[in-house]
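Asker: run-v6.tsv (TSV, C-alpha atoms) pasted underneath:
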chain	number	residue	atom	x	y	z
A	1089	MET	CA	-13.06	-8.05	34.34
A	1090	MET	CA	-13.47	-7.22	30.69
A	1091	LEU	CA	-16.98	-7.00	29.34
A	1092	ALA	CA	-17.74	-9.62	26.73
A	1093	ASP	CA	-18.55	-6.95	24.15
A	1094	ALA	CA	-15.69	-4.55	24.96
A	1095	LYS	CA	-14.07	-3.48	21.71
A	1096	LEU	CA	-10.36	-2.94	21.26
A	1097	ASP	CA	-9.46	0.77	21.18
A	1098	HIS	CA	-5.98	0.42	19.68
A	1099	VAL	CA	-4.14	-1.65	17.09
A	1100	SER	CA	-1.65	-4.25	18.30
A	1101	GLU	CA	-0.02	-7.34	16.81
A	1102	ASP	CA	-2.39	-9.45	18.89
A	1103	GLY	CA	-5.42	-7.49	17.67
A	1104	ILE	CA	-4.28	-7.93	14.07
A	1105	ARG	CA	-3.92	-11.69	14.53
A	1106	ARG	CA	-7.41	-11.92	15.98
A	1107	LEU	CA	-8.83	-9.77	13.17
A	1108	VAL	CA	-7.17	-11.79	10.41
A	1109	ASP	CA	-8.24	-15.11	11.96
A	1110	ALA	CA	-11.84	-13.95	12.36
A	1111	PHE	CA	-11.92	-12.45	8.86
A	1112	TYR	CA	-10.74	-15.63	7.15
A	1113	VAL	CA	-13.30	-17.71	9.05
A	1114	LYS	CA	-15.91	-15.47	7.39
A	1115	VAL	CA	-14.19	-15.76	3.99
A	1116	ARG	CA	-14.18	-19.55	4.14
A	1117	LEU	CA	-17.91	-19.56	4.91
A	1118	ASP	CA	-18.79	-17.07	2.19
A	1119	PRO	CA	-20.41	-18.61	-0.91
A	1120	GLU	CA	-18.74	-16.12	-3.29
A	1121	LEU	CA	-15.26	-15.83	-1.80
A	1122	ALA	CA	-14.72	-19.33	-0.40
A	1123	PRO	CA	-14.25	-21.08	-3.79
A	1124	ILE	CA	-11.86	-18.37	-5.04
A	1125	PHE	CA	-9.71	-18.65	-1.93
A	1126	ALA	CA	-9.93	-22.45	-1.87
A	1127	ARG	CA	-8.42	-22.53	-5.36
A	1128	ALA	CA	-5.73	-19.98	-4.51
A	1129	ILE	CA	-4.84	-21.69	-1.20
A	1130	PRO	CA	-5.44	-25.39	-1.77
A	1131	GLY	CA	-3.44	-26.68	1.20
A	1132	ASP	CA	-2.34	-25.34	4.55
A	1133	TRP	CA	-3.72	-21.88	5.40
A	1134	GLY	CA	-1.01	-21.29	8.00
A	1135	PRO	CA	1.47	-19.54	5.70
A	1136	HIS	CA	-1.25	-17.31	4.23
A	1137	LEU	CA	-2.47	-16.23	7.66
A	1138	THR	CA	1.09	-15.53	8.79
A	1139	ARG	CA	1.62	-13.42	5.67
A	1140	MET	CA	-1.59	-11.51	6.36
A	1141	TYR	CA	-0.58	-10.82	9.98
A	1142	ALA	CA	2.64	-9.35	8.59
A	1143	PHE	CA	0.82	-7.38	5.89
A	1144	TRP	CA	-1.60	-5.69	8.26
A	1145	SER	CA	1.17	-5.14	10.77
A	1146	SER	CA	3.11	-3.30	8.04
A	1147	VAL	CA	0.08	-1.28	7.00
A	1148	MET	CA	-1.33	-0.39	10.44
A	1149	LEU	CA	1.77	-0.40	12.64
A	1150	THR	CA	4.42	0.51	9.98
A	1151	THR	CA	6.59	-2.39	11.10
A	1152	GLY	CA	7.85	-3.25	7.61
A	1153	ARG	CA	7.24	-6.93	8.44
A	1154	TYR	CA	5.56	-7.74	5.12
A	1155	LYS	CA	7.49	-7.65	1.87
A	1156	GLY	CA	5.76	-8.87	-1.23
A	1157	ASN	CA	4.00	-8.08	-4.48
A	1158	PRO	CA	0.24	-8.31	-3.94
A	1159	VAL	CA	-0.49	-6.83	-7.40
A	1160	ILE	CA	1.02	-9.81	-9.19
A	1161	LYS	CA	-0.61	-12.24	-6.74
A	1162	HIS	CA	-4.05	-10.82	-7.50
A	1163	MET	CA	-3.55	-10.65	-11.25
A	1164	VAL	CA	-3.22	-14.39	-11.54
A	1165	ILE	CA	-6.28	-15.38	-9.46
A	1166	PRO	CA	-8.70	-17.30	-11.74
A	1167	GLY	CA	-12.20	-15.82	-11.74
A	1168	ILE	CA	-11.23	-12.55	-10.06
A	1169	ARG	CA	-13.78	-9.79	-10.72
A	1170	PRO	CA	-14.72	-6.42	-9.16
A	1171	PRO	CA	-17.76	-7.55	-7.10
A	1172	LEU	CA	-15.50	-9.94	-5.18
A	1173	PHE	CA	-13.52	-6.96	-3.92
A	1174	GLU	CA	-16.76	-5.40	-2.65
A	1175	ARG	CA	-17.64	-8.62	-0.88
A	1176	TRP	CA	-14.15	-8.86	0.59
A	1177	LEU	CA	-14.39	-5.30	1.92
A	1178	ALA	CA	-17.83	-5.90	3.43
A	1179	LEU	CA	-16.63	-8.99	5.33
A	1180	PHE	CA	-13.43	-7.27	6.41
A	1181	ASP	CA	-15.40	-4.32	7.74
A	1182	GLU	CA	-17.71	-6.68	9.58
A	1183	ALA	CA	-14.75	-8.44	11.20
A	1184	CYS	CA	-13.19	-5.07	12.13
A	1185	ARG	CA	-16.35	-3.78	13.75
A	1186	GLU	CA	-16.81	-6.96	15.77
A	1187	LEU	CA	-13.34	-6.62	17.25
A	1188	PHE	CA	-12.39	-2.93	17.28
A	1189	ASP	CA	-14.16	0.27	18.33
A	1190	ASP	CA	-15.59	2.64	15.71
A	1191	GLY	CA	-12.47	4.79	15.38
A	1192	ILE	CA	-10.09	1.90	14.82
A	1193	SER	CA	-12.54	0.13	12.50
A	1194	ALA	CA	-12.72	3.28	10.39
A	1195	LEU	CA	-8.91	3.34	10.10
A	1196	PHE	CA	-8.85	-0.25	8.88
A	1197	ARG	CA	-11.76	0.38	6.51
A	1198	ALA	CA	-10.10	3.42	4.94
A	1199	ARG	CA	-6.81	1.61	4.38
A	1200	ALA	CA	-8.49	-1.54	3.06
A	1201	ALA	CA	-10.68	0.42	0.65
A	1202	ARG	CA	-7.72	2.32	-0.80
A	1203	ILE	CA	-5.67	-0.83	-1.21
A	1204	ALA	CA	-8.62	-2.64	-2.82
A	1205	GLU	CA	-9.14	0.22	-5.27
A	1206	SER	CA	-5.47	0.19	-6.16
A	1207	LEU	CA	-5.39	-3.59	-6.66
A	1208	GLN	CA	-8.50	-3.43	-8.83
A	1209	PHE	CA	-6.95	-0.70	-10.92
A	1210	ALA	CA	-3.88	-2.86	-11.43
A	1211	VAL	CA	-5.84	-6.01	-12.21
A	1212	PHE	CA	-8.71	-4.68	-14.32
A	1213	HIS	CA	-7.69	-1.36	-15.84
A	1214	ARG	CA	-6.86	-1.24	-19.53
A	1215	PRO	CA	-5.57	1.97	-21.07
A	1216	ASP	CA	-8.29	1.81	-23.73
A	1217	ARG	CA	-11.15	1.58	-21.23
A	1218	ARG	CA	-12.58	4.09	-18.81
A	1219	TRP	CA	-11.83	3.96	-15.10
A	1220	PRO	CA	-13.67	3.40	-12.84
A	1221	PRO	CA	-15.55	0.73	-14.80
A	1222	ARG	CA	-19.33	0.76	-14.97
A	1223	ALA	CA	-20.98	-1.68	-12.60
A	1224	THR	CA	-21.30	-5.04	-14.28
A	1225	GLY	CA	-23.04	-6.86	-11.40
B	556	MET	CA	-4.35	5.26	-6.91
B	557	THR	CA	-0.72	5.70	-6.05
B	558	PHE	CA	1.45	7.86	-3.88
B	559	VAL	CA	4.07	10.07	-5.50
B	560	VAL	CA	7.38	11.52	-4.40
B	561	THR	CA	7.65	15.26	-5.06
B	562	ASP	CA	10.06	18.20	-5.13
B	563	ASN	CA	11.21	18.27	-1.52
B	564	CYS	CA	12.76	14.81	-1.75
B	565	ILE	CA	15.40	16.18	-4.11
B	566	LYS	CA	18.74	16.47	-2.29
B	567	CYS	CA	17.07	15.43	0.99
B	568	LYS	CA	16.55	11.73	0.19
B	569	TYR	CA	16.03	10.62	3.79
B	570	MET	CA	14.91	7.12	2.68
B	571	ASP	CA	12.75	6.42	5.76
B	572	CYS	CA	9.96	5.48	3.35
B	573	VAL	CA	11.74	2.46	1.89
B	574	GLU	CA	11.83	0.63	5.23
B	575	VAL	CA	8.09	0.79	5.82
B	576	CYS	CA	6.87	0.17	2.27
B	577	PRO	CA	5.22	-3.27	2.23
B	578	VAL	CA	5.61	-3.71	-1.52
B	579	ASP	CA	9.15	-2.40	-2.08
B	580	CYS	CA	8.06	0.10	-4.72
B	581	PHE	CA	10.71	2.81	-4.21
B	582	TYR	CA	13.40	3.41	-6.85
B	583	GLU	CA	16.54	5.40	-6.27
B	584	GLY	CA	17.94	8.22	-8.32
B	585	ASP	CA	21.16	10.08	-7.70
B	586	ASN	CA	19.48	12.60	-5.39
B	587	MET	CA	15.84	11.57	-4.97
B	588	LEU	CA	13.54	8.57	-4.79
B	589	VAL	CA	10.44	7.80	-6.84
B	590	ILE	CA	7.50	5.42	-6.41
B	591	ASN	CA	6.58	2.92	-9.12
B	592	PRO	CA	2.89	3.66	-9.68
B	593	ASP	CA	2.28	0.15	-10.99
B	594	GLU	CA	3.53	-1.43	-7.77
B	595	CYS	CA	2.25	1.03	-5.15
B	596	ILE	CA	-0.90	-0.31	-3.46
B	597	ASP	CA	-1.90	3.06	-2.03
B	598	CYS	CA	-1.58	1.91	1.59
B	599	GLY	CA	-0.28	5.34	2.61
B	600	VAL	CA	2.24	4.03	5.12
B	601	CYS	CA	5.12	6.01	3.61
B	602	GLU	CA	3.43	9.43	3.64
B	603	PRO	CA	3.81	10.26	7.36
B	604	GLU	CA	7.26	8.62	7.51
B	605	CYS	CA	8.85	11.18	5.17
B	606	PRO	CA	10.80	13.74	7.23
B	607	ALA	CA	10.71	16.11	4.24
B	608	GLU	CA	6.94	15.67	3.77
B	609	ALA	CA	7.55	15.04	0.08
B	610	ILE	CA	5.10	12.16	-0.45
B	611	PHE	CA	1.48	12.78	-1.46
B	612	PRO	CA	-1.47	10.79	-2.81
B	613	ASP	CA	-1.95	11.27	-6.55
B	614	THR	CA	-5.53	12.28	-5.87
B	615	GLN	CA	-4.17	15.63	-4.75
B	616	PRO	CA	-4.58	18.13	-7.60
B	617	GLY	CA	-1.58	19.51	-9.47
B	618	LEU	CA	0.66	16.47	-9.17
B	619	GLU	CA	0.30	15.21	-12.75
B	620	ASP	CA	3.89	16.07	-13.69
B	621	TRP	CA	5.19	14.31	-10.59
B	622	VAL	CA	3.09	11.22	-11.31
B	623	ARG	CA	4.69	11.10	-14.76
B	624	LEU	CA	8.19	11.67	-13.40
B	625	ASN	CA	7.75	8.93	-10.79
B	626	GLY	CA	6.58	6.44	-13.42
B	627	GLN	CA	9.27	7.39	-15.91
B	628	TYR	CA	12.22	7.04	-13.54
B	629	ALA	CA	10.88	4.04	-11.59
B	630	ALA	CA	11.29	2.18	-14.86
B	631	VAL	CA	15.02	2.92	-15.11
B	632	TRP	CA	16.36	3.55	-11.60
B	633	PRO	CA	17.31	0.66	-9.26
B	634	ASN	CA	15.00	-0.61	-6.54
B	635	ILE	CA	15.79	0.46	-2.98
B	636	THR	CA	14.46	-1.32	0.12
B	637	ILE	CA	17.16	-0.63	2.69
B	638	LYS	CA	17.64	2.83	4.16
B	639	ARG	CA	21.11	4.34	4.13
B	640	GLN	CA	22.43	7.55	5.66
B	641	GLU	CA	20.81	10.64	4.14
B	642	PRO	CA	23.07	13.21	2.42
B	643	ALA	CA	25.11	15.26	4.89
B	644	ASP	CA	23.46	18.46	3.67
B	645	ALA	CA	19.91	17.04	3.60
B	646	LYS	CA	18.69	19.39	6.31
B	647	ALA	CA	20.03	22.47	4.51
B	648	PHE	CA	17.99	21.58	1.41
B	649	ASP	CA	14.80	20.70	3.28
B	650	GLY	CA	12.16	23.19	2.18
B	651	VAL	CA	14.19	24.91	-0.53
B	652	PRO	CA	11.69	25.78	-3.29
B	653	GLY	CA	11.99	24.78	-6.95
B	654	LYS	CA	14.50	21.99	-6.51
B	655	LEU	CA	13.36	20.17	-9.67
B	656	GLU	CA	14.61	22.93	-11.96
B	657	GLN	CA	17.83	23.56	-10.04
B	658	TYR	CA	18.99	20.20	-8.75
B	659	PHE	CA	17.15	17.23	-10.27
B	660	SER	CA	19.48	14.52	-11.53
B	661	ALA	CA	18.32	11.83	-13.95
B	662	LYS	CA	21.28	9.64	-12.99
B	663	PRO	CA	20.42	6.40	-11.19
B	664	GLY	CA	21.28	5.92	-7.52
B	665	GLU	CA	23.08	2.97	-5.96
B	666	GLY	CA	20.02	0.89	-5.12
B	667	ASP	CA	20.31	-1.88	-2.52
Would you write out, as structure tokens, the structure that this file holds?

Answerer:
Amino acid sequence: MMLADAKLDHVSEDGIRRLVDAFYVKVRLDPELAPIFARAIPGDWGPHLTRMYAFWSSVMLTTGRYKGNPVIKHMVIPGIRPPLFERWLALFDEACRELFDDGISALFRARAARIAESLQFAVFHRPDRRWPPRATG
Amino acid sequence: MTFVVTDNCIKCKYMDCVEVCPVDCFYEGDNMLVINPDECIDCGVCEPECPAEAIFPDTQPGLEDWVRLNGQYAAVWPNITIKRQEPADAKAFDGVPGKLEQYFSAKPGEGD
């Protein structure tokens, strides 16, 4: 019998689905992120979740299942600003640590942080301003 | 903030990277591939897939020229997302030093 608090020690498609589902429950309850996501995904969340399963499968299991352009998607989100990325990462890390052991959580965290940095660079960087930006709160 | 393709891709062009890239940011020259730095999301999936170990994060020092070359040619070469057979002599060129000066071709590849 599996202990109730046993953490997953490897990445699988099933683990990714559980992670993504748990993460977006947190997002939809978060006062900062929920309104941003509600505007971006006004209807059925099914397609978004399916896309995120594919994305993390591509990133963590190199399956090539996701094909898309997340830079463009993030550029057009109304109200997007750097602290939201921090909040996103904190919730994602929380969801990882609830499901996976420390080693696997660290792998997810490292990948997520790099991708978030790269998306922020694409969305917020202007050639005439310094990078990284000073904290604006 | 991006990964870059470097010297050892030239004349090896294994193309394993294009299959795993989630954002389709590889562009094909006559004898090498480059990454579009504006499209790469820094996920790092391609790095260990490269049989020639030619892909590095741009945070590694000394890659400034390669970052520029990747950006410059990604703008003019065709996108590639489907792997084809590598050149017949790919293995023979794997690890040959200084390929940029001797073999680099600015001509575009076939693309998908």

Asker: For a test of reading the model, state the distance in Å between atom CA of Gly1131 of chain A and atom CA of Ser1145 of chain A, rounded to one decimal.

Answerer: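 Distance between the two atoms: 24.0 Å.
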
Asker: Please list as an MDAnalysis selection string every residue within 9 Å of Leu1149 of chain A, counting only C-alpha atoms and excluding residues in the same chain fewer than 6 positions away.

Answerer: (chainID A and resid 1099:1101) or (chainID B and resid 600)

Asker: Residues of chain A near chain B: apply a cut-off of 12 Å, count all atoms listed in the file, and supply the list as a PyMOL selection string.

Answerer: chain A and resi 1139-1140+1142-1162+1195-1211+1213+1219-1220

Asker: Kindly give the distance, in Å, that separates atom CA of Pro1119 of chain A and atom CA of Phe1212 of chain A, rounded to a single decimal.

Answerer: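 Between atom CA of Pro1119 of chain A and atom CA of Phe1212 of chain A the gap is 22.6 Å.
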
Asker: Residues near Val1108 of chain A, anyone? I mean within 9 Å using all atoms listed in the file, not counting same-chain ones fewer than 5 positions away, as a ChimeraX atom specification.

Answerer: /A:1103,1113,1137,1140-1141,1144,1180,1183

Asker: Using C-alpha atoms, can you export the residues from the last selection as a PDB file, in the frame of the given file?

Answerer:
ATOM      1  CA  GLY A1103      -5.420  -7.490  17.670  1.00  0.00           C
ATOM      2  CA  VAL A1113     -13.300 -17.710   9.050  1.00  0.00           C
ATOM      3  CA  LEU A1137      -2.470 -16.230   7.660  1.00  0.00           C
ATOM      4  CA  MET A1140      -1.590 -11.510   6.360  1.00  0.00           C
ATOM      5  CA  TYR A1141      -0.580 -10.820   9.980  1.00  0.00           C
ATOM      6  CA  TRP A1144      -1.600  -5.690   8.260  1.00  0.00           C
ATOM      7  CA  PHE A1180     -13.430  -7.270   6.410  1.00  0.00           C
ATOM      8  CA  ALA A1183     -14.750  -8.440  11.200  1.00  0.00           C
TER       9      ALA A1183
END

Asker: Find the distance between atom CA of Lys638 of chain B and atom CA of Glu583 of chain B and write it in Å to one decimal.

Answerer: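 About the pair atom CA of Lys638 of chain B and atom CA of Glu583 of chain B: they are 10.8 Å apart.
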
Asker: If you count all atoms listed in the file, which residues fall within 9 Å of segment 618-620 of chain B, apart from same-chain ones fewer than 5 positions away, as a list in words?

Answerer: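 Here the answer would be Val559, Thr561, Phe611, Pro612, Asp613 and Asn625 of chain B.
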
Asker: Measuring between all atoms listed in the file, which one of A:Ala1178, A:Leu1172, A:Met1163, A:Leu1096 shows the shortest distance to Lys1114 of chain A?

Answerer: A:Ala1178

Asker: I want to know what sits within 12 Å of Ala607 of chain B, based on only C-alpha atoms, with residues of the same chain fewer than 2 positions away left out; could you give that as a PyMOL selection string?

Answerer: chain B and resi 560-572+587+601-605+609-611+641+645-651

Asker: As a PDB file, in the coordinates of the input, could you write out segment 573-584 of chain B once it has been completed with all heavy atoms?

Answerer:
ATOM      1  N   VAL B 573      11.469   3.770   2.508  1.00  0.00           N
ATOM      2  CA  VAL B 573      11.740   2.460   1.890  1.00  0.00           C
ATOM      3  C   VAL B 573      11.630   1.322   2.916  1.00  0.00           C
ATOM      4  O   VAL B 573      11.322   0.192   2.569  1.00  0.00           O
ATOM      5  CB  VAL B 573      13.112   2.395   1.176  1.00  0.00           C
ATOM      6  CG1 VAL B 573      13.260   3.570   0.215  1.00  0.00           C
ATOM      7  CG2 VAL B 573      14.277   2.342   2.141  1.00  0.00           C
ATOM      8  N   GLU B 574      11.881   1.650   4.184  1.00  0.00           N
ATOM      9  CA  GLU B 574      11.830   0.630   5.230  1.00  0.00           C
ATOM     10  C   GLU B 574      10.404   0.190   5.529  1.00  0.00           C
ATOM     11  O   GLU B 574      10.165  -0.961   5.873  1.00  0.00           O
ATOM     12  CB  GLU B 574      12.455   1.183   6.527  1.00  0.00           C
ATOM     13  CG  GLU B 574      13.892   1.575   6.368  1.00  0.00           C
ATOM     14  CD  GLU B 574      14.832   0.498   6.870  1.00  0.00           C
ATOM     15  OE1 GLU B 574      14.905   0.319   8.090  1.00  0.00           O
ATOM     16  OE2 GLU B 574      15.495  -0.147   6.043  1.00  0.00           O
ATOM     17  N   VAL B 575       9.464   1.118   5.429  1.00  0.00           N
ATOM     18  CA  VAL B 575       8.090   0.790   5.820  1.00  0.00           C
ATOM     19  C   VAL B 575       7.239   0.302   4.650  1.00  0.00           C
ATOM     20  O   VAL B 575       6.185  -0.293   4.860  1.00  0.00           O
ATOM     21  CB  VAL B 575       7.375   1.992   6.489  1.00  0.00           C
ATOM     22  CG1 VAL B 575       8.100   2.381   7.776  1.00  0.00           C
ATOM     23  CG2 VAL B 575       7.238   3.178   5.555  1.00  0.00           C
ATOM     24  N   CYS B 576       7.685   0.545   3.429  1.00  0.00           N
ATOM     25  CA  CYS B 576       6.870   0.170   2.270  1.00  0.00           C
ATOM     26  C   CYS B 576       6.671  -1.346   2.206  1.00  0.00           C
ATOM     27  O   CYS B 576       7.644  -2.089   2.105  1.00  0.00           O
ATOM     28  CB  CYS B 576       7.521   0.644   0.972  1.00  0.00           C
ATOM     29  SG  CYS B 576       6.595   0.096  -0.492  1.00  0.00           S
ATOM     30  N   PRO B 577       5.418  -1.823   2.248  1.00  0.00           N
ATOM     31  CA  PRO B 577       5.220  -3.270   2.230  1.00  0.00           C
ATOM     32  C   PRO B 577       5.475  -3.901   0.871  1.00  0.00           C
ATOM     33  O   PRO B 577       5.650  -5.115   0.784  1.00  0.00           O
ATOM     34  CB  PRO B 577       3.749  -3.441   2.640  1.00  0.00           C
ATOM     35  CG  PRO B 577       3.098  -2.137   2.385  1.00  0.00           C
ATOM     36  CD  PRO B 577       4.159  -1.079   2.437  1.00  0.00           C
ATOM     37  N   VAL B 578       5.488  -3.109  -0.192  1.00  0.00           N
ATOM     38  CA  VAL B 578       5.610  -3.710  -1.520  1.00  0.00           C
ATOM     39  C   VAL B 578       6.899  -3.313  -2.247  1.00  0.00           C
ATOM     40  O   VAL B 578       7.043  -3.539  -3.448  1.00  0.00           O
ATOM     41  CB  VAL B 578       4.367  -3.393  -2.391  1.00  0.00           C
ATOM     42  CG1 VAL B 578       3.119  -3.999  -1.753  1.00  0.00           C
ATOM     43  CG2 VAL B 578       4.171  -1.906  -2.600  1.00  0.00           C
ATOM     44  N   ASP B 579       7.837  -2.732  -1.519  1.00  0.00           N
ATOM     45  CA  ASP B 579       9.150  -2.400  -2.080  1.00  0.00           C
ATOM     46  C   ASP B 579       9.059  -1.646  -3.406  1.00  0.00           C
ATOM     47  O   ASP B 579       9.710  -2.034  -4.389  1.00  0.00           O
ATOM     48  CB  ASP B 579       9.981  -3.682  -2.288  1.00  0.00           C
ATOM     49  CG  ASP B 579      10.379  -4.318  -0.959  1.00  0.00           C
ATOM     50  OD1 ASP B 579      10.302  -3.624   0.068  1.00  0.00           O
ATOM     51  OD2 ASP B 579      10.764  -5.498  -0.954  1.00  0.00           O
ATOM     52  N   CYS B 580       8.287  -0.566  -3.426  1.00  0.00           N
ATOM     53  CA  CYS B 580       8.060   0.100  -4.720  1.00  0.00           C
ATOM     54  C   CYS B 580       8.841   1.406  -4.879  1.00  0.00           C
ATOM     55  O   CYS B 580       8.522   2.208  -5.740  1.00  0.00           O
ATOM     56  CB  CYS B 580       6.577   0.282  -4.973  1.00  0.00           C
ATOM     57  SG  CYS B 580       5.779   1.462  -3.909  1.00  0.00           S
ATOM     58  N   PHE B 581       9.883   1.604  -4.059  1.00  0.00           N
ATOM     59  CA  PHE B 581      10.710   2.810  -4.210  1.00  0.00           C
ATOM     60  C   PHE B 581      11.927   2.530  -5.097  1.00  0.00           C
ATOM     61  O   PHE B 581      12.548   1.461  -5.013  1.00  0.00           O
ATOM     62  CB  PHE B 581      11.179   3.318  -2.847  1.00  0.00           C
ATOM     63  CG  PHE B 581      10.084   4.043  -2.104  1.00  0.00           C
ATOM     64  CD1 PHE B 581       9.244   3.360  -1.245  1.00  0.00           C
ATOM     65  CD2 PHE B 581       9.877   5.397  -2.312  1.00  0.00           C
ATOM     66  CE1 PHE B 581       8.211   4.024  -0.587  1.00  0.00           C
ATOM     67  CE2 PHE B 581       8.853   6.067  -1.658  1.00  0.00           C
ATOM     68  CZ  PHE B 581       8.013   5.376  -0.786  1.00  0.00           C
ATOM     69  N   TYR B 582      12.258   3.512  -5.927  1.00  0.00           N
ATOM     70  CA  TYR B 582      13.400   3.410  -6.850  1.00  0.00           C
ATOM     71  C   TYR B 582      14.284   4.617  -6.629  1.00  0.00           C
ATOM     72  O   TYR B 582      13.803   5.725  -6.366  1.00  0.00           O
ATOM     73  CB  TYR B 582      12.889   3.275  -8.282  1.00  0.00           C
ATOM     74  CG  TYR B 582      12.214   1.922  -8.463  1.00  0.00           C
ATOM     75  CD1 TYR B 582      10.923   1.698  -7.978  1.00  0.00           C
ATOM     76  CD2 TYR B 582      12.905   0.847  -9.017  1.00  0.00           C
ATOM     77  CE1 TYR B 582      10.326   0.440  -8.055  1.00  0.00           C
ATOM     78  CE2 TYR B 582      12.308  -0.414  -9.106  1.00  0.00           C
ATOM     79  CZ  TYR B 582      11.024  -0.611  -8.628  1.00  0.00           C
ATOM     80  OH  TYR B 582      10.458  -1.856  -8.699  1.00  0.00           O
ATOM     81  N   GLU B 583      15.593   4.386  -6.727  1.00  0.00           N
ATOM     82  CA  GLU B 583      16.540   5.400  -6.270  1.00  0.00           C
ATOM     83  C   GLU B 583      17.274   6.089  -7.411  1.00  0.00           C
ATOM     84  O   GLU B 583      17.986   5.451  -8.202  1.00  0.00           O
ATOM     85  CB  GLU B 583      17.563   4.757  -5.328  1.00  0.00           C
ATOM     86  CG  GLU B 583      18.472   5.804  -4.697  1.00  0.00           C
ATOM     87  CD  GLU B 583      19.629   5.200  -3.921  1.00  0.00           C
ATOM     88  OE1 GLU B 583      19.799   3.964  -3.945  1.00  0.00           O
ATOM     89  OE2 GLU B 583      20.376   5.992  -3.313  1.00  0.00           O
ATOM     90  N   GLY B 584      17.135   7.405  -7.441  1.00  0.00           N
ATOM     91  CA  GLY B 584      17.940   8.220  -8.320  1.00  0.00           C
ATOM     92  C   GLY B 584      19.144   8.762  -7.562  1.00  0.00           C
ATOM     93  O   GLY B 584      19.285   8.538  -6.350  1.00  0.00           O
TER      94      GLY B 584
END
